[in-house]
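Enquirer: This is coords.cif, which holds mmCIF, C-alpha atoms:
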```
data_upload
loop_
_atom_site.label_atom_id
_atom_site.label_comp_id
_atom_site.auth_asym_id
_atom_site.auth_seq_id
_atom_site.Cartn_x
_atom_site.Cartn_y
_atom_site.Cartn_z
CA MET A 21 174.69 233.25 3.99
CA PRO A 22 175.02 232.62 0.25
CA GLU A 23 172.73 234.07 -2.38
CA PHE A 24 170.22 231.28 -2.91
CA TYR A 25 168.56 230.45 -6.22
CA VAL A 26 164.81 230.66 -5.53
CA PRO A 27 163.09 230.82 -8.94
CA HIS A 28 159.49 230.63 -7.76
CA PRO A 29 157.88 233.02 -5.26
CA ALA A 30 156.72 231.54 -1.99
CA ARG A 31 153.02 231.79 -1.20
CA MET A 32 151.24 231.61 2.14
CA ASN A 33 148.28 229.31 2.80
CA PRO A 34 145.34 231.34 4.15
CA HIS A 35 144.64 228.69 6.82
CA LEU A 36 147.85 229.37 8.75
CA GLU A 37 146.30 230.35 12.08
CA ARG A 38 143.99 227.36 12.12
CA ALA A 39 146.94 225.03 11.42
CA ARG A 40 148.98 226.63 14.20
CA ALA A 41 146.21 226.22 16.76
CA HIS A 42 145.33 222.71 15.63
CA SER A 43 148.91 221.41 15.63
CA THR A 44 149.61 222.82 19.08
CA GLN A 45 146.55 221.11 20.51
CA TRP A 46 147.39 217.91 18.64
CA ALA A 47 150.91 217.85 20.08
CA ARG A 48 149.46 218.34 23.54
CA ASP A 49 146.91 215.54 23.00
CA MET A 50 149.68 213.18 21.86
CA GLY A 51 151.71 213.96 24.99
CA MET A 52 154.59 215.70 23.19
CA LEU A 53 154.72 218.79 25.39
CA ASP A 54 156.45 219.05 28.76
CA THR A 55 158.13 215.68 28.20
CA GLY A 56 161.70 216.87 28.62
CA VAL A 57 161.95 217.03 24.82
CA TRP A 58 159.55 219.87 23.99
CA THR A 59 157.75 222.64 25.84
CA ASP A 60 155.00 224.92 24.57
CA GLU A 61 157.66 227.56 24.00
CA VAL A 62 159.85 225.26 21.91
CA LEU A 63 156.92 224.23 19.71
CA ALA A 64 155.74 227.83 19.29
CA GLY A 65 159.26 228.93 18.34
CA ASP A 66 159.67 226.25 15.69
CA ASP A 67 156.21 227.09 14.31
CA TYR A 68 155.47 224.13 12.05
CA GLY A 69 152.12 225.62 11.12
CA PHE A 70 154.08 228.51 9.59
CA MET A 71 156.32 226.03 7.79
CA CYS A 72 153.47 224.02 6.31
CA ALA A 73 151.47 227.09 5.33
CA TRP A 74 154.50 228.18 3.27
CA THR A 75 155.29 224.75 1.82
CA HIS A 76 151.68 223.72 1.06
CA PRO A 77 150.02 227.01 0.06
CA ASP A 78 147.04 225.44 -1.75
CA ALA A 79 146.08 222.73 0.75
CA PRO A 80 142.49 222.91 2.08
CA ALA A 81 142.19 223.69 5.78
CA GLU A 82 141.61 220.13 7.01
CA VAL A 83 144.38 218.76 4.81
CA LEU A 84 146.79 221.45 6.01
CA ASP A 85 145.98 220.40 9.58
CA LEU A 86 146.90 216.81 8.70
CA ILE A 87 150.11 217.78 6.90
CA THR A 88 151.17 220.05 9.77
CA ASP A 89 150.57 217.26 12.27
CA TRP A 90 152.83 214.98 10.20
CA TYR A 91 155.62 217.55 10.43
CA VAL A 92 155.09 218.09 14.13
CA TRP A 93 155.41 214.33 14.47
CA VAL A 94 158.59 213.99 12.42
CA PHE A 95 160.38 216.87 14.15
CA TYR A 96 159.32 215.65 17.58
CA PHE A 97 160.60 212.20 16.65
CA ASP A 98 163.91 213.72 15.52
CA ASP A 99 164.36 215.68 18.73
CA GLU A 100 163.30 212.78 20.94
CA PHE A 101 165.69 210.45 19.11
CA PHE A 102 168.54 212.92 19.62
CA ALA A 103 167.78 213.31 23.32
CA GLU A 104 167.34 209.59 23.99
CA PHE A 105 169.90 207.95 21.73
CA LYS A 106 172.22 210.25 19.75
CA GLN A 107 173.66 212.05 22.74
CA SER A 108 174.46 208.79 24.48
CA LYS A 109 175.38 206.98 21.21
CA ASP A 110 173.05 204.17 22.29
CA VAL A 111 172.96 202.13 19.08
CA ALA A 112 171.16 199.12 20.57
CA GLY A 113 168.48 201.23 22.24
CA ALA A 114 168.01 203.26 19.06
CA LYS A 115 167.52 200.14 16.96
CA ALA A 116 164.95 198.69 19.35
CA TYR A 117 163.07 202.00 19.36
CA LEU A 118 163.03 202.27 15.56
CA ASP A 119 162.15 198.62 14.98
CA ARG A 120 158.75 199.15 16.60
CA LEU A 121 157.58 202.04 14.43
CA PRO A 122 156.73 200.22 11.14
CA ALA A 123 154.10 198.19 13.02
CA PHE A 124 152.09 201.39 13.46
CA MET A 125 151.70 201.82 9.67
CA PRO A 126 149.86 198.69 8.43
CA LEU A 127 149.12 198.92 4.71
CA GLY A 128 145.57 197.69 5.08
CA GLY A 129 144.79 200.00 7.94
CA THR A 130 142.78 197.33 9.72
CA ASP A 131 145.58 195.30 11.31
CA PRO A 132 145.78 195.56 15.09
CA TRP A 133 148.26 198.17 16.32
CA PRO A 134 150.65 197.49 19.18
CA GLU A 135 149.94 199.52 22.29
CA PRO A 136 151.72 202.90 21.90
CA ARG A 137 154.39 203.48 24.51
CA ASN A 138 155.36 207.08 23.81
CA PRO A 139 154.21 210.25 22.02
CA THR A 140 155.94 209.25 18.77
CA GLU A 141 154.06 205.97 18.55
CA ARG A 142 150.79 207.54 19.69
CA GLY A 143 151.08 210.26 17.05
CA LEU A 144 151.88 207.78 14.30
CA VAL A 145 148.74 205.75 15.01
CA ASP A 146 146.57 208.86 14.78
CA LEU A 147 148.22 210.16 11.62
CA TRP A 148 148.10 206.87 9.77
CA GLN A 149 144.42 206.39 10.54
CA ARG A 150 143.65 209.88 9.18
CA THR A 151 145.82 209.56 6.06
CA ILE A 152 145.19 206.13 4.56
CA PRO A 153 141.54 206.78 3.59
CA LEU A 154 142.81 209.51 1.26
CA MET A 155 145.40 207.47 -0.63
CA SER A 156 145.76 204.23 -2.61
CA GLN A 157 147.63 201.07 -1.67
CA ASP A 158 150.41 202.05 -4.09
CA TRP A 159 150.94 205.38 -2.31
CA ARG A 160 150.81 203.71 1.09
CA ARG A 161 153.61 201.35 0.05
CA ARG A 162 155.71 204.23 -1.24
CA PHE A 163 155.12 206.30 1.88
CA THR A 164 155.91 203.48 4.30
CA THR A 165 159.14 202.93 2.35
CA SER A 166 160.02 206.61 2.65
CA THR A 167 159.24 206.53 6.38
CA HIS A 168 161.33 203.39 6.83
CA ASN A 169 164.25 205.03 5.03
CA LEU A 170 163.87 208.11 7.21
CA LEU A 171 164.25 205.86 10.24
CA LEU A 172 167.35 204.30 8.68
CA GLU A 173 168.89 207.77 8.43
CA CYS A 174 168.80 207.98 12.20
CA MET A 175 170.82 204.78 12.51
CA TRP A 176 173.26 205.95 9.82
CA GLU A 177 173.78 209.23 11.66
CA ILE A 178 174.19 207.69 15.10
CA LYS A 179 176.71 205.13 13.80
CA ASN A 180 178.67 207.92 12.10
CA ILE A 181 178.70 209.87 15.36
CA GLU A 182 179.78 206.78 17.30
CA SER A 183 182.64 206.05 14.89
CA GLY A 184 183.54 209.67 14.17
CA THR A 185 183.00 209.06 10.45
CA VAL A 186 182.45 211.92 8.02
CA ALA A 187 181.29 210.66 4.61
CA ASN A 188 182.84 211.75 1.33
CA PRO A 189 180.66 214.01 -0.85
CA ILE A 190 179.44 211.32 -3.27
CA GLU A 191 178.61 208.86 -0.48
CA TYR A 192 176.95 211.62 1.49
CA ILE A 193 174.67 212.83 -1.34
CA GLU A 194 173.67 209.29 -2.30
CA MET A 195 172.99 208.16 1.25
CA ARG A 196 171.20 211.35 2.26
CA ARG A 197 169.00 211.12 -0.83
CA LYS A 198 168.08 207.56 0.07
CA VAL A 199 167.40 207.98 3.75
CA GLY A 200 166.76 211.70 4.21
CA GLY A 201 163.37 213.20 4.90
CA ALA A 202 162.73 214.90 1.54
CA PRO A 203 161.34 211.83 -0.31
CA TRP A 204 158.91 211.55 2.61
CA SER A 205 157.99 215.21 2.10
CA ALA A 206 157.46 214.60 -1.62
CA ASN A 207 154.97 211.85 -0.78
CA LEU A 208 153.06 214.27 1.45
CA VAL A 209 152.89 216.75 -1.44
CA GLU A 210 150.73 214.15 -3.21
CA VAL A 211 148.38 214.27 -0.22
CA SER A 212 148.25 218.06 0.08
CA GLU A 213 147.71 218.56 -3.65
CA ALA A 214 145.23 215.68 -4.01
CA ALA A 215 147.56 214.70 -6.84
CA GLU A 216 148.67 211.13 -6.35
CA VAL A 217 151.23 210.20 -9.00
CA PRO A 218 149.79 207.43 -11.23
CA ALA A 219 151.29 204.06 -10.35
CA SER A 220 152.10 203.45 -14.01
CA VAL A 221 154.71 206.24 -14.04
CA ALA A 222 155.66 206.62 -10.36
CA GLY A 223 158.80 204.51 -10.82
CA THR A 224 159.93 205.94 -14.17
CA ARG A 225 163.20 207.79 -14.63
CA PRO A 226 161.71 211.32 -14.97
CA LEU A 227 159.69 210.95 -11.78
CA ARG A 228 162.71 209.52 -9.96
CA VAL A 229 164.86 212.43 -11.17
CA LEU A 230 162.25 214.92 -9.97
CA SER A 231 162.15 213.26 -6.56
CA ASP A 232 165.95 212.98 -6.37
CA THR A 233 166.65 216.58 -7.36
CA PHE A 234 163.89 217.85 -5.07
CA SER A 235 165.40 215.82 -2.25
CA ASP A 236 168.98 216.91 -2.89
CA ALA A 237 167.99 220.57 -2.93
CA ILE A 238 165.92 220.27 0.26
CA HIS A 239 168.70 218.46 2.11
CA LEU A 240 171.51 220.75 0.95
CA ARG A 241 169.53 223.88 1.85
CA ASN A 242 168.81 222.42 5.27
CA ASP A 243 172.51 221.59 5.73
CA ILE A 244 173.43 225.23 5.20
CA PHE A 245 170.81 226.54 7.61
CA SER A 246 171.31 223.82 10.23
CA TYR A 247 175.13 223.77 10.22
CA GLU A 248 175.44 225.62 13.51
CA ARG A 249 172.69 223.63 15.22
CA GLU A 250 173.82 220.22 14.01
CA VAL A 251 177.61 220.50 13.85
CA LEU A 252 178.60 223.12 16.39
CA ARG A 253 175.94 222.48 19.03
CA GLU A 254 174.84 218.86 18.63
CA GLY A 255 178.09 217.32 17.40
CA GLU A 256 176.56 215.66 14.34
CA ASN A 257 178.72 214.88 11.33
CA SER A 258 176.08 214.15 8.68
CA ASN A 259 175.98 217.63 7.20
CA GLY A 260 176.95 218.64 3.68
CA VAL A 261 178.84 221.77 4.75
CA LEU A 262 180.98 219.71 7.15
CA VAL A 263 181.51 217.07 4.44
CA PHE A 264 182.84 219.73 2.05
CA GLU A 265 185.03 221.19 4.80
CA LYS A 266 186.63 217.86 5.61
CA PHE A 267 186.93 216.38 2.11
CA PHE A 268 188.15 219.48 0.25
CA GLY A 269 189.87 221.26 3.13
CA HIS A 270 187.52 224.24 2.77
CA ASP A 271 186.90 226.84 5.41
CA THR A 272 183.26 227.10 6.45
CA GLN A 273 182.32 229.99 4.15
CA THR A 274 183.88 228.34 1.09
CA ALA A 275 182.12 225.07 1.96
CA VAL A 276 178.79 226.90 2.27
CA GLU A 277 179.24 228.46 -1.17
CA ALA A 278 180.17 225.10 -2.70
CA VAL A 279 177.12 223.41 -1.19
CA ASN A 280 174.92 226.23 -2.47
CA THR A 281 176.35 225.84 -5.99
CA LEU A 282 175.47 222.15 -5.90
CA LEU A 283 171.99 223.00 -4.59
CA THR A 284 171.45 225.37 -7.52
CA SER A 285 172.54 222.75 -10.03
CA ARG A 286 169.99 220.30 -8.65
CA LEU A 287 167.21 222.86 -9.04
CA HIS A 288 168.29 223.43 -12.65
CA GLN A 289 168.16 219.68 -13.25
CA PHE A 290 164.65 219.59 -11.80
CA GLU A 291 163.51 222.31 -14.20
CA ASN A 292 165.19 220.67 -17.19
CA THR A 293 163.49 217.36 -16.43
CA VAL A 294 160.07 218.99 -16.24
CA PHE A 295 160.34 220.67 -19.61
CA THR A 296 162.30 218.11 -21.61
CA GLU A 297 161.30 214.72 -20.21
CA LEU A 298 157.74 214.93 -18.94
CA PRO A 299 156.13 215.57 -22.36
CA GLN A 300 157.92 212.53 -23.76
CA LEU A 301 156.92 210.46 -20.71
CA PHE A 302 153.28 211.41 -21.19
CA ALA A 303 153.37 210.44 -24.85
CA GLU A 304 155.22 207.16 -24.38
CA ASN A 305 152.83 206.01 -21.65
CA SER A 306 149.71 207.34 -23.41
CA LEU A 307 148.86 209.17 -20.21
CA GLY A 308 145.40 210.71 -20.27
CA LEU A 309 144.80 214.37 -19.58
CA GLU A 310 143.58 213.72 -16.03
CA ASP A 311 146.72 211.77 -15.14
CA GLN A 312 148.92 214.39 -16.82
CA ALA A 313 147.23 217.06 -14.72
CA ARG A 314 147.91 215.07 -11.54
CA VAL A 315 151.61 214.79 -12.36
CA LEU A 316 151.87 218.50 -13.15
CA LYS A 317 149.99 219.43 -9.99
CA TYR A 318 152.44 217.26 -8.05
CA VAL A 319 155.38 219.04 -9.74
CA LYS A 320 153.89 222.42 -8.84
CA GLY A 321 153.59 221.19 -5.27
CA LEU A 322 157.29 220.28 -5.21
CA GLN A 323 158.16 223.77 -6.49
CA ASP A 324 155.97 225.33 -3.80
CA TRP A 325 157.74 223.22 -1.19
CA GLN A 326 161.17 224.40 -2.32
CA SER A 327 160.24 228.07 -2.17
CA GLY A 328 158.17 227.79 1.00
CA GLY A 329 160.81 225.69 2.74
CA HIS A 330 163.39 228.36 1.99
CA GLU A 331 161.12 231.04 3.43
CA TRP A 332 160.55 229.01 6.60
CA HIS A 333 164.27 228.45 7.11
CA LEU A 334 164.79 232.20 7.00
CA HIS A 335 162.53 232.66 10.02
CA ALA A 336 162.40 229.37 11.95
CA GLY A 337 163.67 229.51 15.51
CA ARG A 338 164.87 225.93 15.02
CA TYR A 339 167.69 227.25 12.83
CA THR A 340 168.11 230.92 13.73
CA LYS A 341 168.43 230.81 17.52
CA VAL A 342 171.40 229.96 19.64
CA GLU A 343 171.22 227.36 22.38
CA GLY A 344 168.65 228.33 24.96
CA GLY A 345 166.62 230.24 22.40
CA ALA A 346 168.07 233.67 23.13
CA GLY A 347 168.71 235.86 20.14
CA ASN A 348 170.03 235.21 16.66
CA SER A 349 173.36 233.55 16.06
CA ALA A 350 176.12 235.41 14.24
CA PHE A 351 176.07 232.79 11.49
CA PHE A 352 172.51 233.69 10.58
CA ARG A 353 172.52 237.39 11.41
CA THR A 354 172.70 238.54 7.78
CA ILE A 355 170.29 236.77 5.47
CA LEU A 356 170.34 237.38 1.75
CA ARG A 357 167.28 236.24 -0.09
CA GLY A 358 167.75 234.73 -3.51
CA PRO A 359 166.04 236.04 -6.62
CA THR A 360 162.34 235.45 -6.93
CA GLY A 361 159.99 235.68 -9.84
CA LEU A 362 157.86 233.70 -12.17
CA GLY A 363 160.89 231.90 -13.57
CA THR A 364 159.91 229.19 -15.97
CA SER A 365 156.40 228.72 -14.63
CA ALA A 366 154.91 230.39 -17.71
CA ALA A 367 155.81 227.28 -19.71
CA TRP A 368 153.37 225.07 -17.76
CA PRO A 369 150.64 225.21 -20.41
CA GLY A 370 153.07 223.90 -23.03
CA VAL A 371 154.03 220.97 -20.84
CA SER A 372 150.46 220.11 -19.98
CA ARG A 373 149.67 219.56 -23.64
CA GLY A 374 152.29 216.73 -23.78
#
```
Represent the structure from my file as structure tokens, please.

Expert:
Amino acid sequence: MPEFYVPHPARMNPHLERARAHSTQWARDMGMLDTGVWTDEVLAGDDYGFMCAWTHPDAPAEVLDLITDWYVWVFYFDDEFFAEFKQSKDVAGAKAYLDRLPAFMPLGGTDPWPEPRNPTERGLVDLWQRTIPLMSQDWRRRFTTSTHNLLLECMWEIKNIESGTVANPIEYIEMRRKVGGAPWSANLVEVSEAAEVPASVAGTRPLRVLSDTFSDAIHLRNDIFSYEREVLREGENSNGVLVFEKFFGHDTQTAVEAVNTLLTSRLHQFENTVFTELPQLFAENSLGLEDQARVLKYVKGLQDWQSGGHEWHLHAGRYTKVEGGAGNSAFFRTILRGPTGLGTSAAWPGVSRG
């Protein structure tokens, strides 16, 4: 593994055990266990409560339960989609399956839902009903867009598998940023931090850059950790390490190092945007102190996600176990943790005065 740049120390949410117990029961209530996709052992090994406690260290207990359930849902959906459609390259069946899901996220929250047919649909109904009272119409629109794009990623991946296409690096980064799961995660940071980005600045360049660089870093890190699972075991070809192998003719180790270099550059761009562009954004939009604080709390949440997500990848059975769940793979046997420390966080007070 490469030496990762991790400038902010990961912190653990004190409500971990509650989130673990709650999410396990929730998955069982939604019918996700013993379905041929997941078992109790699979869910316990992936440990999404552990993931969310790392990535959302300041979330209150009930909110952490909600966030963890969202991640249980999205990973179950991903595994179910692989089992049902990716393995068989069933493009038509996949499209019909995905076309139903937006109906379970009505913006008003009062529209009648279709009758859920499977655990994914059942879970989405429950999650949407619990989330929309917390957030505005503007956030709901942004989150439904992120969810829709996440669904599009599945079609992009399955079509690439069907055609044997491996994207070039520029196409891959742009498409993954658009349809990958990290923008969806960024929206959930607003929920966990109770820090909804003001609608007046949500679409501005600095906020878009923060979301894009956050997303790129999340996706590239995941590509390094999931290379064996996705490429060698599942036959996927939407993975940055594979893209660098094919396009540049790199061996796997060289490709991993190149992807990690790009990941680091995106984290540097994130930091630069925070300290050079946010103060100007606040001034130009005459943003009040309360709205400034919400944006900065959101930024802190994105930083926490980066560090916590890295910590989870180091330990998650989803990425560190070979097929069948027995033991650690050779690819992940030696793990080098990147540098940690306060980094640039001491400059927050200066930014908040913007």

Enquirer: What is the distance, in Å and to one decimal place, between CA of Ala214 (chain A) and CA of Asp49 (chain A)?

Expert: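 Interatomic distance, CA of Ala214 (chain A) to CA of Asp49 (chain A): 27.1 Å.
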
Enquirer: So which one's closest to Gln157 (chain A), A:Ala219, A:Leu172, A:Ile190, A:Ala103? Using only C-alpha atoms, please.

Expert: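 Smallest separation from Gln157 (chain A) among the options: A:Ala219.
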
Enquirer: Exactly which residues make up the result of the PyMOL selection byres ((chain A and resi 70) around 9) on this file, given as a PDB file with C-alpha atoms, in the frame of the given file?

Expert:
```
ATOM      1  CA  MET A  32     151.240 231.610   2.140  1.00  0.00           C
ATOM      2  CA  ASN A  33     148.280 229.310   2.800  1.00  0.00           C
ATOM      3  CA  LEU A  36     147.850 229.370   8.750  1.00  0.00           C
ATOM      4  CA  GLU A  37     146.300 230.350  12.080  1.00  0.00           C
ATOM      5  CA  ALA A  39     146.940 225.030  11.420  1.00  0.00           C
ATOM      6  CA  ARG A  40     148.980 226.630  14.200  1.00  0.00           C
ATOM      7  CA  ASP A  66     159.670 226.250  15.690  1.00  0.00           C
ATOM      8  CA  ASP A  67     156.210 227.090  14.310  1.00  0.00           C
ATOM      9  CA  TYR A  68     155.470 224.130  12.050  1.00  0.00           C
ATOM     10  CA  GLY A  69     152.120 225.620  11.120  1.00  0.00           C
ATOM     11  CA  MET A  71     156.320 226.030   7.790  1.00  0.00           C
ATOM     12  CA  CYS A  72     153.470 224.020   6.310  1.00  0.00           C
ATOM     13  CA  ALA A  73     151.470 227.090   5.330  1.00  0.00           C
ATOM     14  CA  TRP A  74     154.500 228.180   3.270  1.00  0.00           C
ATOM     15  CA  THR A  75     155.290 224.750   1.820  1.00  0.00           C
ATOM     16  CA  THR A  88     151.170 220.050   9.770  1.00  0.00           C
ATOM     17  CA  TRP A 332     160.550 229.010   6.600  1.00  0.00           C
ATOM     18  CA  ALA A 336     162.400 229.370  11.950  1.00  0.00           C
TER      19      ALA A 336
END
```

Enquirer: Please indicate the distance in Å from CA of Thr296 (chain A) to CA of Pro29 (chain A), rounded to one decimal place.

Expert: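 About the pair CA of Thr296 (chain A) and CA of Pro29 (chain A): they are 22.6 Å apart.
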
Enquirer: With all atoms listed in the file as the basis for distance, which of A:Met50, A:Leu230, A:Ala215, A:Val186 is at the shortest distance from Val261 (chain A)?

Expert: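 Closest to Val261 (chain A), using all atoms listed in the file: A:Val186.
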
Enquirer: Have a look at A:Leu282, A:Val211, A:Val217, A:Ile193 and name the one nearest to Ile152 (chain A); count all atoms listed in the file.

Expert: A:Val211
